[in-house]
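Trainee: Enclosed is the structure file target37.csv (CSV, C-alpha atoms and all ligand atoms).
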chain,number,residue,atom,x,y,z
A,560,MET,CA,57.4,-55.9,-11.9
A,561,VAL,CA,58.1,-57.3,-15.3
A,562,LYS,CA,59.4,-54.6,-17.6
A,563,ASN,CA,59.8,-55.8,-21.2
A,564,GLY,CA,60.5,-52.5,-22.6
A,565,ALA,CA,59.6,-48.8,-22.1
A,566,VAL,CA,58.2,-46.5,-24.7
A,567,HIS,CA,59.5,-43.4,-22.9
A,568,GLY,CA,59.5,-40.4,-25.3
A,569,ILE,CA,58.7,-42.5,-28.3
A,570,ALA,CA,55.5,-41.6,-30.1
A,571,PRO,CA,55.6,-43.8,-33.2
A,572,PHE,CA,51.9,-43.3,-33.9
A,573,HIS,CA,51.3,-39.7,-32.9
A,574,PHE,CA,48.8,-40.2,-30.2
A,575,GLY,CA,47.2,-37.9,-27.7
A,576,LEU,CA,44.9,-35.0,-27.3
A,577,LEU,CA,47.9,-32.7,-27.0
A,578,PRO,CA,50.6,-32.3,-29.5
A,579,GLN,CA,53.9,-34.1,-28.7
A,580,ALA,CA,57.2,-33.4,-30.2
A,581,THR,CA,58.5,-36.2,-32.5
A,582,PRO,CA,61.5,-37.6,-30.6
A,583,LYS,CA,64.9,-38.2,-32.1
A,584,VAL,CA,65.3,-41.9,-32.8
A,585,ALA,CA,68.7,-43.6,-32.9
A,586,LEU,CA,69.1,-45.6,-36.1
A,587,ASP,CA,71.3,-48.5,-36.8
A,588,PRO,CA,73.4,-48.6,-40.1
A,589,ALA,CA,70.5,-50.1,-42.0
A,590,GLY,CA,68.4,-47.1,-40.9
A,591,ARG,CA,66.2,-49.0,-38.4
A,592,ASP,CA,65.6,-47.9,-34.8
A,593,ARG,CA,68.2,-49.3,-32.4
A,594,ASN,CA,65.6,-49.6,-29.7
A,595,PRO,CA,63.9,-53.0,-30.5
A,596,VAL,CA,60.7,-52.1,-28.6
A,597,ALA,CA,60.3,-48.8,-30.3
A,598,ARG,CA,61.0,-50.5,-33.7
A,599,LYS,CA,58.4,-53.1,-33.0
A,600,HIS,CA,55.8,-50.4,-32.1
A,601,ARG,CA,56.7,-48.4,-35.2
A,602,GLU,CA,56.5,-51.4,-37.5
A,603,ARG,CA,53.2,-52.5,-36.1
A,604,LYS,CA,51.9,-49.0,-35.9
A,605,MET,CA,50.8,-49.8,-32.4
A,606,THR,CA,48.9,-47.6,-30.1
A,607,ALA,CA,50.6,-47.3,-26.8
A,608,PHE,CA,49.5,-44.0,-25.3
A,609,SER,CA,52.0,-41.1,-25.4
A,610,ASP,CA,52.9,-39.1,-22.3
A,611,ALA,CA,50.6,-36.4,-23.6
A,612,ALA,CA,47.6,-38.8,-23.9
A,613,ALA,CA,48.4,-40.1,-20.3
A,614,GLU,CA,48.3,-36.6,-18.9
A,615,ASP,CA,45.1,-36.0,-16.9
A,616,TYR,CA,43.7,-39.3,-18.4
A,617,ASP,CA,41.5,-40.4,-15.4
A,618,ARG,CA,39.6,-37.1,-15.2
A,619,ARG,CA,39.3,-36.8,-19.0
A,620,ILE,CA,38.0,-40.3,-19.7
A,621,ALA,CA,35.3,-40.1,-17.1
A,622,ARG,CA,34.0,-37.0,-18.9
A,623,MET,CA,34.4,-38.3,-22.5
A,624,ALA,CA,33.1,-41.9,-22.4
A,625,PRO,CA,29.3,-41.8,-22.2
A,626,GLY,CA,28.2,-43.7,-19.1
A,627,TYR,CA,31.8,-44.4,-18.0
A,628,ASP,CA,30.9,-44.8,-14.3
A,629,LEU,CA,27.9,-47.1,-15.1
A,630,ALA,CA,30.0,-49.2,-17.5
A,631,LEU,CA,32.6,-49.8,-14.8
A,632,GLU,CA,29.9,-50.6,-12.2
A,633,LEU,CA,28.4,-53.2,-14.7
A,634,VAL,CA,31.9,-54.6,-15.4
A,635,VAL,CA,32.3,-55.2,-11.6
A,636,ALA,CA,28.8,-56.7,-11.3
A,637,LEU,CA,29.4,-59.1,-14.2
A,638,ALA,CA,32.9,-60.0,-12.8
A,639,HIS,CA,31.1,-60.9,-9.5
A,640,CYS,CA,28.8,-63.3,-11.5
A,641,CYS,CA,31.4,-64.8,-13.8
A,642,PHE,CA,34.9,-64.7,-12.2
A,643,PRO,CA,35.9,-67.5,-9.8
A,644,ALA,CA,36.5,-66.3,-6.2
A,645,ASN,CA,40.2,-66.8,-6.4
A,646,ALA,CA,40.6,-65.8,-10.1
A,647,ARG,CA,43.9,-64.7,-11.6
A,648,VAL,CA,42.6,-61.8,-13.8
A,649,LEU,CA,44.3,-60.4,-16.9
A,650,LEU,CA,43.8,-56.7,-17.5
A,651,ALA,CA,44.8,-55.9,-21.1
A,652,GLY,CA,45.7,-52.3,-21.7
A,653,SER,CA,45.2,-51.5,-18.1
A,654,GLY,CA,46.1,-47.8,-18.4
A,655,THR,CA,46.2,-46.1,-15.0
A,656,CYS,CA,44.5,-49.1,-13.4
A,657,ALA,CA,41.1,-47.5,-12.7
A,658,GLU,CA,39.4,-50.8,-13.4
A,659,LEU,CA,41.9,-52.7,-11.3
A,660,LEU,CA,41.1,-50.6,-8.3
A,661,ALA,CA,37.3,-51.1,-8.8
A,662,LEU,CA,37.7,-54.9,-9.2
A,663,ALA,CA,40.1,-55.3,-6.4
A,664,ALA,CA,37.7,-53.7,-3.9
A,665,ALA,CA,34.9,-56.0,-5.2
A,666,GLY,CA,36.7,-59.3,-5.3
A,667,PRO,CA,39.2,-59.6,-2.4
A,668,GLY,CA,40.3,-63.1,-3.6
A,669,TRP,CA,41.2,-61.8,-7.1
A,670,ARG,CA,44.8,-61.3,-8.2
A,671,PHE,CA,45.7,-59.3,-11.3
A,672,THR,CA,48.2,-59.1,-14.1
A,673,ALA,CA,47.9,-55.6,-15.5
A,674,VAL,CA,49.5,-55.2,-19.0
A,675,GLU,CA,50.1,-51.7,-20.3
A,676,PRO,CA,52.8,-50.5,-22.7
A,677,SER,CA,52.7,-46.8,-22.0
A,678,ALA,CA,55.4,-45.8,-19.5
A,679,ALA,CA,53.4,-42.7,-18.4
A,680,MET,CA,50.1,-44.6,-17.9
A,681,MET,CA,52.1,-47.3,-16.0
A,682,ALA,CA,53.7,-44.8,-13.7
A,683,MET,CA,50.3,-43.5,-12.6
A,684,ALA,CA,49.1,-47.1,-12.2
A,685,ARG,CA,52.1,-48.0,-10.0
A,686,GLU,CA,51.4,-45.1,-7.7
A,687,LYS,CA,47.7,-45.9,-7.4
A,688,VAL,CA,48.3,-49.6,-6.8
A,689,ALA,CA,50.8,-48.8,-4.1
A,690,ALA,CA,48.6,-46.1,-2.5
A,691,ALA,CA,45.7,-48.7,-2.3
A,692,GLY,CA,48.1,-51.2,-0.7
A,693,LEU,CA,47.4,-53.8,-3.4
A,694,GLY,CA,51.1,-54.5,-4.3
A,695,ASP,CA,50.9,-58.2,-3.2
A,696,ARG,CA,47.8,-58.9,-5.5
A,697,VAL,CA,49.1,-57.2,-8.6
A,698,THR,CA,51.7,-57.9,-11.2
A,699,LEU,CA,52.4,-54.9,-13.4
A,700,VAL,CA,53.7,-55.7,-16.9
A,701,GLU,CA,55.0,-52.8,-19.0
A,702,ALA,CA,54.5,-54.3,-22.5
A,703,MET,CA,52.2,-54.7,-25.4
A,704,LEU,CA,49.8,-57.5,-24.8
A,705,ASP,CA,51.4,-59.9,-27.2
A,706,ASP,CA,54.7,-59.5,-25.4
A,707,ALA,CA,53.3,-60.2,-22.0
A,708,PRO,CA,54.3,-63.5,-20.4
A,709,LEU,CA,52.2,-66.5,-21.6
A,710,VAL,CA,50.5,-67.2,-18.3
A,711,GLU,CA,47.0,-68.7,-18.2
A,712,HIS,CA,44.4,-66.6,-16.5
A,713,ASP,CA,40.9,-67.4,-15.2
A,714,ALA,CA,39.3,-64.2,-16.5
A,715,ALA,CA,40.1,-61.0,-18.4
A,716,LEU,CA,39.0,-57.4,-18.8
A,717,CYS,CA,40.0,-55.3,-21.8
A,718,ALA,CA,38.6,-51.8,-21.3
A,719,LEU,CA,38.6,-49.1,-23.9
A,720,VAL,CA,41.5,-50.6,-26.0
A,721,MET,CA,40.1,-52.3,-29.0
A,722,HIS,CA,39.1,-49.2,-30.9
A,723,PHE,CA,42.7,-48.1,-30.8
A,724,VAL,CA,44.1,-51.3,-32.2
A,725,PRO,CA,44.6,-51.0,-36.0
A,726,ASP,CA,42.4,-53.2,-38.1
A,727,GLY,CA,45.2,-55.5,-39.2
A,728,ALA,CA,46.3,-56.0,-35.7
A,729,LYS,CA,42.9,-56.8,-34.2
A,730,PRO,CA,43.0,-60.5,-34.9
A,731,GLY,CA,46.4,-60.9,-33.3
A,732,PHE,CA,45.4,-58.7,-30.3
A,733,LEU,CA,42.4,-60.9,-29.6
A,734,ALA,CA,44.4,-64.1,-30.2
A,735,ALA,CA,46.9,-62.8,-27.6
A,736,LEU,CA,44.1,-62.4,-25.2
A,737,ALA,CA,42.7,-65.9,-25.9
A,738,THR,CA,46.1,-67.6,-25.5
A,739,ARG,CA,46.4,-66.1,-22.0
A,740,LEU,CA,43.0,-67.4,-20.9
A,741,ARG,CA,42.0,-70.9,-19.8
A,742,PRO,CA,39.2,-72.6,-21.8
A,743,GLY,CA,35.8,-71.4,-20.5
A,744,ALA,CA,37.3,-68.2,-19.0
A,745,PRO,CA,35.1,-65.0,-19.2
A,746,LEU,CA,36.2,-62.0,-21.1
A,747,LEU,CA,34.8,-58.5,-20.4
A,748,LEU,CA,35.5,-56.0,-23.1
A,749,THR,CA,34.5,-52.4,-23.5
A,750,GLU,CA,35.2,-50.3,-26.6
A,751,PHE,CA,33.9,-47.6,-28.9
A,752,ALA,CA,32.1,-49.3,-31.8
A,753,ASP,CA,30.7,-48.1,-35.1
A,754,VAL,CA,27.0,-48.4,-34.3
A,755,GLY,CA,25.8,-46.3,-37.3
A,756,LEU,CA,24.7,-43.2,-35.4
A,757,PRO,CA,24.6,-39.9,-37.2
A,758,GLU,CA,28.0,-38.2,-37.6
A,759,GLY,CA,28.6,-35.6,-34.9
A,760,CYS,CA,26.3,-36.9,-32.2
A,761,TYR,CA,29.1,-37.9,-29.9
A,762,GLU,CA,30.7,-34.5,-30.2
A,763,GLY,CA,27.3,-32.8,-29.7
A,764,TRP,CA,26.9,-34.8,-26.5
A,765,LEU,CA,30.3,-33.7,-25.3
A,766,LEU,CA,29.5,-30.0,-26.0
A,767,ASP,CA,26.1,-30.3,-24.4
A,768,ARG,CA,27.6,-31.6,-21.2
A,769,GLY,CA,30.1,-28.7,-21.1
A,770,VAL,CA,33.3,-30.1,-22.4
A,771,GLU,CA,35.4,-27.2,-23.7
A,772,PRO,CA,35.0,-26.8,-27.5
A,773,ALA,CA,38.7,-26.9,-28.2
A,774,LEU,CA,38.9,-30.3,-26.4
A,775,VAL,CA,35.9,-31.5,-28.3
A,776,ALA,CA,37.5,-30.5,-31.6
A,777,ARG,CA,40.7,-32.3,-30.7
A,778,ALA,CA,38.7,-35.4,-29.7
A,779,ALA,CA,36.8,-35.3,-33.0
A,780,ASP,CA,40.1,-35.1,-34.9
A,781,TRP,CA,41.6,-37.9,-32.8
A,782,ARG,CA,38.4,-40.1,-33.4
A,783,ARG,CA,38.7,-39.6,-37.2
A,784,ARG,CA,42.4,-40.1,-37.5
A,785,VAL,CA,43.1,-42.7,-34.8
A,786,TRP,CA,40.1,-44.7,-33.7
A,787,ARG,CA,39.5,-47.9,-35.7
A,788,PRO,CA,36.0,-49.0,-34.4
A,789,THR,CA,34.4,-52.1,-35.8
A,790,THR,CA,30.7,-52.6,-36.2
A,791,PRO,CA,29.2,-54.9,-33.5
A,792,GLU,CA,28.9,-57.7,-36.1
A,793,GLN,CA,32.6,-57.3,-37.1
A,794,GLY,CA,33.6,-57.3,-33.4
A,795,ARG,CA,31.6,-60.5,-32.8
A,796,ASP,CA,33.1,-62.2,-35.8
A,797,LEU,CA,36.7,-61.2,-34.9
A,798,ALA,CA,36.1,-62.5,-31.4
A,799,ALA,CA,34.7,-65.8,-32.7
A,800,ARG,CA,37.7,-66.2,-35.0
A,801,ALA,CA,40.1,-65.6,-32.1
A,802,GLY,CA,38.5,-68.4,-30.1
A,803,PHE,CA,35.8,-66.6,-28.1
A,804,THR,CA,32.2,-67.7,-27.9
A,805,ASP,CA,28.8,-66.5,-26.6
A,806,PHE,CA,29.6,-62.9,-27.0
A,807,ARG,CA,26.7,-60.7,-25.8
A,808,ASN,CA,26.2,-57.0,-25.2
A,809,PHE,CA,25.7,-55.8,-21.7
A,810,PHE,CA,26.0,-52.0,-22.2
A,811,GLN,CA,25.7,-49.3,-24.8
A,812,ALA,CA,25.8,-45.6,-24.6
A,813,LEU,CA,26.1,-43.9,-28.0
A,814,GLY,CA,28.9,-46.0,-29.5
A,815,PHE,CA,30.5,-47.0,-26.1
A,816,GLN,CA,29.8,-50.7,-25.7
A,817,GLY,CA,30.3,-53.5,-23.2
A,818,TRP,CA,30.6,-57.2,-24.1
A,819,LEU,CA,30.8,-60.4,-22.2
A,820,GLY,CA,32.2,-63.5,-23.9
A,821,PHE,CA,34.0,-66.7,-23.0
A,822,ARG,CA,37.2,-68.4,-24.2
A,823,ALA,CA,35.9,-71.4,-26.2
A,824,GLY,CA,36.5,-74.9,-24.9
A,825,ALA,CA,35.4,-76.8,-21.9
A,826,PRO,CA,36.9,-75.7,-18.5
A,827,SER,CA,39.3,-78.2,-17.2
A,828,ASN,CA,38.5,-78.6,-13.5
A,901,LIG,C1,41.9,-45.6,-23.4
A,901,LIG,S1,43.2,-46.4,-22.5
A,901,LIG,C2,42.2,-47.5,-21.5
A,901,LIG,C3,42.9,-47.6,-20.1
A,901,LIG,C4,42.1,-48.4,-19.1
A,901,LIG,N1,41.8,-49.8,-19.6
A,901,LIG,C5,40.8,-47.7,-18.8
A,901,LIG,O1,39.7,-48.3,-19.1
A,901,LIG,O2,40.8,-46.6,-18.4
A,901,LIG,C6,43.8,-47.5,-23.8
A,901,LIG,C7,45.1,-48.2,-23.2
A,901,LIG,O3,45.5,-49.3,-24.1
A,901,LIG,C8,46.9,-49.3,-24.2
A,901,LIG,N2,47.2,-50.2,-25.3
A,901,LIG,C9,47.2,-49.8,-26.7
A,901,LIG,N3,47.6,-50.9,-27.4
A,901,LIG,C10,47.8,-51.9,-26.6
A,901,LIG,C11,48.3,-53.2,-26.7
A,901,LIG,N4,48.6,-53.7,-27.9
A,901,LIG,N5,48.5,-54.0,-25.6
A,901,LIG,C12,48.3,-53.5,-24.4
A,901,LIG,N6,47.8,-52.2,-24.2
A,901,LIG,C13,47.6,-51.4,-25.2
A,901,LIG,C14,47.3,-47.8,-24.3
A,901,LIG,O4,48.6,-47.6,-24.0
A,901,LIG,C15,46.3,-47.2,-23.3
A,901,LIG,O5,46.9,-47.0,-22.0
Would it be possible to restate this file's structure as structure tokens?

Mentor:
Amino acid sequence: MVKNGAVHGIAPFHFGLLPQATPKVALDPAGRDRNPVARKHRERKMTAFSDAAAEDYDRRIARMAPGYDLALELVVALAHCCFPANARVLLAGSGTCAELLALAAAGPGWRFTAVEPSAAMMAMAREKVAAAGLGDRVTLVEAMLDDAPLVEHDAALCALVMHFVPDGAKPGFLAALATRLRPGAPLLLTEFADVGLPEGCYEGWLLDRGVEPALVARAADWRRRVWRPTTPEQGRDLAARAGFTDFRNFFQALGFQGWLGFRAGAPSN
């Protein structure tokens, strides 16, 4: 496993549904963090999940993303259509690797690079990958996407990450995806977007389906403070500027959206 740097105990951008104590940070004489990875995260206000956000993630996300299971099924179906049989697949912000397990079962020839900066999410992913006996098909990279090795992949999936990336960092994040894909390679992307629905309808849906009111309140607070969703038009524009083409929508449930696009340029066969 490549391990560029861990974010253990560091919550530069307070992130999670549960409160997490602000850790003590060692400073150099100029008053900067000594830990270069933590410093980079802090400077970029990046969004690696804290230990608290990782806790119980798999169960929570399936309840809180509308149509989560269907979206994952559709991702797998589209991957079947678009990914080459022996594809090297990049998973950007792979979290606990739920999507990796679903894809690995569907495409026995696919190998994966799973990039995830949160040590806690990565620890769960490592256990799941080992339990599924997938170790020889998976490279786990504990890093922000733009710190991951510059290896060209044949396809990519970026699930539920973009709405956490700060506005100013979105172009760089998408460019980091594009530079790790060969021309013509497909990109599947899911995110929460700003689709102009009435305020509160997402929280109303959560309450209607029995999610505890305290959790819904925390989710609403998190959404307002932390999420940085784009409109679909802005998302398409950002993707085009980063070098993606033919972006089209394959899924929408409330603001949860799925996109398929391609790295611009002719494939070199
Ligand atoms: C909501 S989780 C999604 C996890 C998984 N893809 C899924 O669908 O369940 C978002 C993940 O993106 C990761 N993340 C945030 N910023 C990132 C970045 N710049 N590069 C790579 N991963 C990032 C977070 O640490 C977190 O684990």

Trainee: Could you list, with a cut-off of 6 Å and counting only C-alpha atoms and all ligand atoms, the residues of chain A near ligand LIG 901 (chain A), each shown with its nearest atom pair and the distance in Å rounded to one decimal, rows sorted by chain and ascending number, as JSON lines?

Mentor:
{"residue": "A:Thr606", "atom": "CA", "partner": "A:LIG901", "partner_atom": "C9", "distance": 4.4}
{"residue": "A:Ala607", "atom": "CA", "partner": "A:LIG901", "partner_atom": "O4", "distance": 3.5}
{"residue": "A:Phe608", "atom": "CA", "partner": "A:LIG901", "partner_atom": "O4", "distance": 3.9}
{"residue": "A:Ala651", "atom": "CA", "partner": "A:LIG901", "partner_atom": "C12", "distance": 5.4}
{"residue": "A:Gly652", "atom": "CA", "partner": "A:LIG901", "partner_atom": "N6", "distance": 3.3}
{"residue": "A:Ser653", "atom": "CA", "partner": "A:LIG901", "partner_atom": "N1", "distance": 4.1}
{"residue": "A:Gly654", "atom": "CA", "partner": "A:LIG901", "partner_atom": "C3", "distance": 3.6}
{"residue": "A:Ala657", "atom": "CA", "partner": "A:LIG901", "partner_atom": "O2", "distance": 5.8}
{"residue": "A:Val674", "atom": "CA", "partner": "A:LIG901", "partner_atom": "C12", "distance": 5.8}
{"residue": "A:Glu675", "atom": "CA", "partner": "A:LIG901", "partner_atom": "N6", "distance": 4.6}
{"residue": "A:Pro676", "atom": "CA", "partner": "A:LIG901", "partner_atom": "O4", "distance": 5.3}
{"residue": "A:Ser677", "atom": "CA", "partner": "A:LIG901", "partner_atom": "O4", "distance": 4.6}
{"residue": "A:Met680", "atom": "CA", "partner": "A:LIG901", "partner_atom": "O5", "distance": 5.7}
{"residue": "A:Met703", "atom": "CA", "partner": "A:LIG901", "partner_atom": "N5", "distance": 3.8}
{"residue": "A:Leu704", "atom": "CA", "partner": "A:LIG901", "partner_atom": "N5", "distance": 3.8}
{"residue": "A:Ala718", "atom": "CA", "partner": "A:LIG901", "partner_atom": "N1", "distance": 4.1}
{"residue": "A:Leu719", "atom": "CA", "partner": "A:LIG901", "partner_atom": "C2", "distance": 4.6}
{"residue": "A:Val720", "atom": "CA", "partner": "A:LIG901", "partner_atom": "C6", "distance": 4.4}
{"residue": "A:Val724", "atom": "CA", "partner": "A:LIG901", "partner_atom": "N3", "distance": 6.0}

Trainee: Give me the residues of stretch 607-674 of chain A that have any atom at most 7 Å from an atom of stretch 809-813 of chain A; for each, the nearest atom pair and the distance in Å, rounded to one decimal. Use only C-alpha atoms, sort by chain and number, and format it as JSON lines.

Mentor:
{"residue": "A:Pro625", "atom": "CA", "partner": "A:Ala812", "partner_atom": "CA", "distance": 5.7}
{"residue": "A:Gly626", "atom": "CA", "partner": "A:Ala812", "partner_atom": "CA", "distance": 6.3}
{"residue": "A:Ala630", "atom": "CA", "partner": "A:Phe810", "partner_atom": "CA", "distance": 6.8}

Trainee: Nearest to A:Gly763 among A:Ala690, A:Glu711, A:Ala776, A:Phe751, with distances taken over all atoms listed in the file: which residue is it?

Mentor: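 The closest residue to A:Gly763 is A:Ala776.
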
Trainee: In terms of the shortest atom-to-atom distance over all atoms listed in the file, which of A:Phe803, A:Trp669, A:Cys717, A:Ala798 is closest to A:Thr749?

Mentor: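 So, comparing all the options, the nearest one is A:Cys717.
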
Trainee: Show me a table, sorted first by chain and then by increasing residue number, of the residues of stretch 666-735 of chain A having an atom at most 9 Å from stretch 641-648 of chain A, each with its shortest atom pair and the distance in Å to one decimal, counting only C-alpha atoms and written as JSON lines.

Mentor:
{"residue": "A:Gly666", "atom": "CA", "partner": "A:Ala644", "partner_atom": "CA", "distance": 7.1}
{"residue": "A:Pro667", "atom": "CA", "partner": "A:Ala644", "partner_atom": "CA", "distance": 8.2}
{"residue": "A:Gly668", "atom": "CA", "partner": "A:Asn645", "partner_atom": "CA", "distance": 4.6}
{"residue": "A:Trp669", "atom": "CA", "partner": "A:Ala646", "partner_atom": "CA", "distance": 5.0}
{"residue": "A:Arg670", "atom": "CA", "partner": "A:Arg647", "partner_atom": "CA", "distance": 4.9}
{"residue": "A:Phe671", "atom": "CA", "partner": "A:Val648", "partner_atom": "CA", "distance": 4.7}
{"residue": "A:Thr672", "atom": "CA", "partner": "A:Val648", "partner_atom": "CA", "distance": 6.2}
{"residue": "A:Ala673", "atom": "CA", "partner": "A:Val648", "partner_atom": "CA", "distance": 8.3}
{"residue": "A:Glu711", "atom": "CA", "partner": "A:Arg647", "partner_atom": "CA", "distance": 8.3}
{"residue": "A:His712", "atom": "CA", "partner": "A:Arg647", "partner_atom": "CA", "distance": 5.3}
{"residue": "A:Asp713", "atom": "CA", "partner": "A:Ala646", "partner_atom": "CA", "distance": 5.4}
{"residue": "A:Ala714", "atom": "CA", "partner": "A:Val648", "partner_atom": "CA", "distance": 4.9}
{"residue": "A:Ala715", "atom": "CA", "partner": "A:Val648", "partner_atom": "CA", "distance": 5.3}
{"residue": "A:Leu716", "atom": "CA", "partner": "A:Val648", "partner_atom": "CA", "distance": 7.6}

Trainee: Would you mind exporting the chosen residues as a CSV table (one decimal), in the frame of the given file, restricted to C-alpha atoms?

Mentor:
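Here's the written file part_23.csv:
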chain,number,residue,atom,x,y,z
A,666,GLY,CA,36.7,-59.3,-5.3
A,667,PRO,CA,39.2,-59.6,-2.4
A,668,GLY,CA,40.3,-63.1,-3.6
A,669,TRP,CA,41.2,-61.8,-7.1
A,670,ARG,CA,44.8,-61.3,-8.2
A,671,PHE,CA,45.7,-59.3,-11.3
A,672,THR,CA,48.2,-59.1,-14.1
A,673,ALA,CA,47.9,-55.6,-15.5
A,711,GLU,CA,47.0,-68.7,-18.2
A,712,HIS,CA,44.4,-66.6,-16.5
A,713,ASP,CA,40.9,-67.4,-15.2
A,714,ALA,CA,39.3,-64.2,-16.5
A,715,ALA,CA,40.1,-61.0,-18.4
A,716,LEU,CA,39.0,-57.4,-18.8

Trainee: With only C-alpha atoms as the basis for distance, which of A:Arg696, A:His722, A:Arg685, A:His639 is at the shortest distance from A:Ala752?

Mentor: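 Closest candidate: A:His722.
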
Trainee: Just to confirm, what's the straight-line distance from atom CA of A:Leu774 to atom CA of A:Tyr616 in Å (one decimal)?

Mentor: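 Spanning atom CA of A:Leu774 to atom CA of A:Tyr616 is a straight-line distance of 13.0 Å.
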
Trainee: Which residue gives the smallest distance to A:Leu765 among A:Ala778, A:Glu701, A:Asp753, A:Trp786, with all atoms listed in the file counted?

Mentor: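 The shortest atom-to-atom distance to A:Leu765 comes from A:Ala778.
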
Trainee: Between A:Val635, A:Met681, A:Thr738, A:Glu686, which one has atoms that come closest to A:Ala664, using only C-alpha atoms?

Mentor: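 Ranking A:Val635, A:Met681, A:Thr738, A:Glu686 by distance to A:Ala664, first place goes to A:Val635.
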
Trainee: Here is a test: counting all atoms listed in the file, which residue of A:Pro708, A:Gly802, A:Gly759, A:Pro791 is nearest to A:Gly817?

Mentor: A:Pro791

Trainee: So the first atom is atom CA of A:Thr655 and the second is atom CA of A:Glu632; what is the distance between them in Å, to one decimal place?

Mentor: 17.1 Å

Trainee: Please rebuild stretch 786-799 of chain A with N, CA and C atoms and return the result as a PDB file, in the frame of the given file.

Mentor:
ATOM      1  N   TRP A 786      41.002 -43.631 -34.114  1.00  0.00           N
ATOM      2  CA  TRP A 786      40.100 -44.700 -33.700  1.00  0.00           C
ATOM      3  C   TRP A 786      39.891 -45.656 -34.936  1.00  0.00           C
ATOM      4  N   ARG A 787      39.804 -46.936 -34.666  1.00  0.00           N
ATOM      5  CA  ARG A 787      39.500 -47.900 -35.700  1.00  0.00           C
ATOM      6  C   ARG A 787      38.330 -48.807 -35.154  1.00  0.00           C
ATOM      7  N   PRO A 788      37.137 -48.200 -34.951  1.00  0.00           N
ATOM      8  CA  PRO A 788      36.000 -49.000 -34.400  1.00  0.00           C
ATOM      9  C   PRO A 788      35.511 -49.999 -35.401  1.00  0.00           C
ATOM     10  N   THR A 789      35.049 -51.120 -34.899  1.00  0.00           N
ATOM     11  CA  THR A 789      34.400 -52.100 -35.800  1.00  0.00           C
ATOM     12  C   THR A 789      32.877 -51.953 -35.537  1.00  0.00           C
ATOM     13  N   THR A 790      32.099 -52.504 -36.446  1.00  0.00           N
ATOM     14  CA  THR A 790      30.700 -52.600 -36.200  1.00  0.00           C
ATOM     15  C   THR A 790      30.528 -53.772 -35.134  1.00  0.00           C
ATOM     16  N   PRO A 791      29.398 -53.817 -34.430  1.00  0.00           N
ATOM     17  CA  PRO A 791      29.200 -54.900 -33.500  1.00  0.00           C
ATOM     18  C   PRO A 791      29.332 -56.289 -34.175  1.00  0.00           C
ATOM     19  N   GLU A 792      28.830 -56.388 -35.412  1.00  0.00           N
ATOM     20  CA  GLU A 792      28.900 -57.700 -36.100  1.00  0.00           C
ATOM     21  C   GLU A 792      30.369 -58.044 -36.406  1.00  0.00           C
ATOM     22  N   GLN A 793      31.140 -57.055 -36.863  1.00  0.00           N
ATOM     23  CA  GLN A 793      32.600 -57.300 -37.100  1.00  0.00           C
ATOM     24  C   GLN A 793      33.267 -57.712 -35.811  1.00  0.00           C
ATOM     25  N   GLY A 794      32.926 -57.020 -34.727  1.00  0.00           N
ATOM     26  CA  GLY A 794      33.600 -57.300 -33.400  1.00  0.00           C
ATOM     27  C   GLY A 794      33.271 -58.740 -32.997  1.00  0.00           C
ATOM     28  N   ARG A 795      32.006 -59.147 -33.131  1.00  0.00           N
ATOM     29  CA  ARG A 795      31.600 -60.500 -32.800  1.00  0.00           C
ATOM     30  C   ARG A 795      32.375 -61.532 -33.615  1.00  0.00           C
ATOM     31  N   ASP A 796      32.452 -61.239 -34.916  1.00  0.00           N
ATOM     32  CA  ASP A 796      33.100 -62.200 -35.800  1.00  0.00           C
ATOM     33  C   ASP A 796      34.610 -62.286 -35.508  1.00  0.00           C
ATOM     34  N   LEU A 797      35.255 -61.136 -35.247  1.00  0.00           N
ATOM     35  CA  LEU A 797      36.700 -61.200 -34.900  1.00  0.00           C
ATOM     36  C   LEU A 797      36.891 -61.980 -33.603  1.00  0.00           C
ATOM     37  N   ALA A 798      35.993 -61.759 -32.632  1.00  0.00           N
ATOM     38  CA  ALA A 798      36.100 -62.500 -31.400  1.00  0.00           C
ATOM     39  C   ALA A 798      35.959 -63.980 -31.573  1.00  0.00           C
ATOM     40  N   ALA A 799      34.981 -64.331 -32.409  1.00  0.00           N
ATOM     41  CA  ALA A 799      34.700 -65.800 -32.700  1.00  0.00           C
ATOM     42  C   ALA A 799      35.962 -66.396 -33.337  1.00  0.00           C
TER      43      ALA A 799
END
